[in-house]
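Scroll down for the structure; my scribbles are underneath it.
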Amino acid sequence: MGDPSLALPGGADPAERTRVLRRAHDAFTRDGRVEPPVRAVIAKSWRRCARARVSPECAPRLDRPEPELLAYREHHPLARVMPLFRDLVGAFAAHGAHLLAVCDARGGLLWVEGEPATLRRAEGLGFVPGSRWAE
């Protein structure tokens, strides 16, 4: 048995896994049942979202407009360690299809950085600084 914390087990085909999980999510939204290979942590998330009536089609709302976000980030304790985060993983994110995303304890995105094309795809999902990604 593989590591249950891994979203994609070693050797798995990402495209096939995407198709399987889309079918599983369709079954969940249609009749509320969760089928393998959906991990327990994901099934719990889907159930919390359903109870909260979160639509899979809606993007998260912007909790902090830019002026408020800038002031909040400036005084947030994580601001002091952002240079270290950027040194450790920022270059990796900036040169590949990855993001460096830092959020506060409530799931509010404070910083989202990375390669421009990846950032554009994230923006299309509402994964932007100032949005909240908590259930």
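Every chain in the structure tokens has a letter given in the order shown (A, B, ...), and although residue numbers restart at 1 in each chain, ligands are simply numbered from 1 in the order shown.
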**Request:** Taking the DSSP assignment computed from this structure's backbone, write out as a ChimeraX atom specification all residues of region 60-129 of chain A that belong to helix (DSSP H, G or I).
**Result:** /A:66-75,77-94,116-124
Keeping only C-alpha atoms, write those residues as a short mmCIF file (atom, residue, chain, number, x, y, z; two decimals), in the first residue's frame.
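Result file follows (again.cif):
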```cif
data_model
loop_
_atom_site.label_atom_id
_atom_site.label_comp_id
_atom_site.auth_asym_id
_atom_site.auth_seq_id
_atom_site.Cartn_x
_atom_site.Cartn_y
_atom_site.Cartn_z
CA GLU A 66 -5.18 45.12 -2.39
CA PRO A 67 -4.71 48.17 -0.12
CA GLU A 68 -5.93 46.22 2.91
CA LEU A 69 -3.90 43.14 1.90
CA LEU A 70 -0.68 45.17 1.58
CA ALA A 71 -1.08 46.59 5.10
CA TYR A 72 -2.02 43.18 6.53
CA ARG A 73 1.00 41.48 4.90
CA GLU A 74 3.38 44.20 6.03
CA HIS A 75 2.52 43.55 9.69
CA PRO A 77 4.67 37.64 11.24
CA LEU A 78 5.27 35.65 8.02
CA ALA A 79 6.49 38.81 6.28
CA ARG A 80 9.77 38.48 8.19
CA VAL A 81 10.41 34.99 6.79
CA MET A 82 9.29 35.60 3.20
CA PRO A 83 12.88 36.31 2.10
CA LEU A 84 13.84 32.87 3.43
CA PHE A 85 10.85 31.22 1.71
CA ARG A 86 11.84 32.90 -1.54
CA ASP A 87 15.46 31.76 -1.14
CA LEU A 88 14.45 28.17 -0.40
CA VAL A 89 11.62 27.60 -2.87
CA GLY A 90 10.98 30.81 -4.77
CA ALA A 91 13.55 30.16 -7.49
CA PHE A 92 12.19 26.64 -7.97
CA ALA A 93 8.67 28.04 -8.37
CA ALA A 94 9.77 30.88 -10.64
CA PRO A 116 3.99 33.94 -15.06
CA ALA A 117 2.05 31.30 -17.03
CA THR A 118 1.45 29.29 -13.87
CA LEU A 119 0.33 32.43 -12.06
CA ARG A 120 -2.17 33.16 -14.85
CA ARG A 121 -3.65 29.66 -14.53
CA ALA A 122 -3.88 30.11 -10.76
CA GLU A 123 -5.57 33.50 -11.21
CA GLY A 124 -8.15 31.81 -13.43
#
```
**Item:** Every residue of chain A that DSSP places in strand (DSSP E), as a ChimeraX atom specification
**Value:** /A:99-103,109-114
The selected residues should be written to file as a PDB file, in the first residue's frame (atoms: N, CA, C and O atoms).
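Writing the result to out-v6.pdb gives the following:
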```pdb
ATOM      1  N   LEU A  99       4.095  26.991  -7.800  1.00  0.00           N
ATOM      2  CA  LEU A  99       3.807  28.246  -7.120  1.00  0.00           C
ATOM      3  C   LEU A  99       4.369  28.204  -5.713  1.00  0.00           C
ATOM      4  O   LEU A  99       4.414  27.156  -5.090  1.00  0.00           O
ATOM      5  N   LEU A 100       4.747  29.354  -5.235  1.00  0.00           N
ATOM      6  CA  LEU A 100       5.041  29.554  -3.820  1.00  0.00           C
ATOM      7  C   LEU A 100       3.825  30.288  -3.287  1.00  0.00           C
ATOM      8  O   LEU A 100       3.557  31.424  -3.682  1.00  0.00           O
ATOM      9  N   ALA A 101       3.041  29.615  -2.462  1.00  0.00           N
ATOM     10  CA  ALA A 101       1.832  30.213  -1.894  1.00  0.00           C
ATOM     11  C   ALA A 101       1.943  30.185  -0.379  1.00  0.00           C
ATOM     12  O   ALA A 101       2.241  29.149   0.209  1.00  0.00           O
ATOM     13  N   VAL A 102       1.719  31.330   0.234  1.00  0.00           N
ATOM     14  CA  VAL A 102       1.799  31.451   1.693  1.00  0.00           C
ATOM     15  C   VAL A 102       0.469  32.024   2.167  1.00  0.00           C
ATOM     16  O   VAL A 102       0.003  33.047   1.651  1.00  0.00           O
ATOM     17  N   CYS A 103      -0.126  31.344   3.143  1.00  0.00           N
ATOM     18  CA  CYS A 103      -1.416  31.813   3.654  1.00  0.00           C
ATOM     19  C   CYS A 103      -1.353  32.005   5.161  1.00  0.00           C
ATOM     20  O   CYS A 103      -0.432  31.524   5.823  1.00  0.00           O
ATOM     21  N   LEU A 109      -4.851  33.791   1.422  1.00  0.00           N
ATOM     22  CA  LEU A 109      -3.592  33.829   0.677  1.00  0.00           C
ATOM     23  C   LEU A 109      -2.943  35.197   0.828  1.00  0.00           C
ATOM     24  O   LEU A 109      -3.547  36.226   0.508  1.00  0.00           O
ATOM     25  N   LEU A 110      -1.710  35.183   1.320  1.00  0.00           N
ATOM     26  CA  LEU A 110      -0.959  36.414   1.501  1.00  0.00           C
ATOM     27  C   LEU A 110      -0.051  36.680   0.311  1.00  0.00           C
ATOM     28  O   LEU A 110       0.051  37.809  -0.156  1.00  0.00           O
ATOM     29  N   TRP A 111       0.633  35.654  -0.145  1.00  0.00           N
ATOM     30  CA  TRP A 111       1.537  35.770  -1.287  1.00  0.00           C
ATOM     31  C   TRP A 111       1.307  34.567  -2.196  1.00  0.00           C
ATOM     32  O   TRP A 111       1.152  33.443  -1.738  1.00  0.00           O
ATOM     33  N   VAL A 112       1.307  34.798  -3.488  1.00  0.00           N
ATOM     34  CA  VAL A 112       1.298  33.736  -4.491  1.00  0.00           C
ATOM     35  C   VAL A 112       2.298  34.182  -5.544  1.00  0.00           C
ATOM     36  O   VAL A 112       2.111  35.206  -6.197  1.00  0.00           O
ATOM     37  N   GLU A 113       3.378  33.418  -5.680  1.00  0.00           N
ATOM     38  CA  GLU A 113       4.462  33.802  -6.583  1.00  0.00           C
ATOM     39  C   GLU A 113       4.868  32.602  -7.423  1.00  0.00           C
ATOM     40  O   GLU A 113       4.719  31.466  -6.999  1.00  0.00           O
ATOM     41  N   GLY A 114       5.393  32.885  -8.600  1.00  0.00           N
ATOM     42  CA  GLY A 114       5.873  31.813  -9.452  1.00  0.00           C
ATOM     43  C   GLY A 114       6.027  32.272 -10.887  1.00  0.00           C
ATOM     44  O   GLY A 114       6.013  33.469 -11.185  1.00  0.00           O
TER      45      GLY A 114
END
```
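Across the model, the gap from CA of Ser55 (chain A) to CA of Ala134 (chain A) is 13.5 Å.
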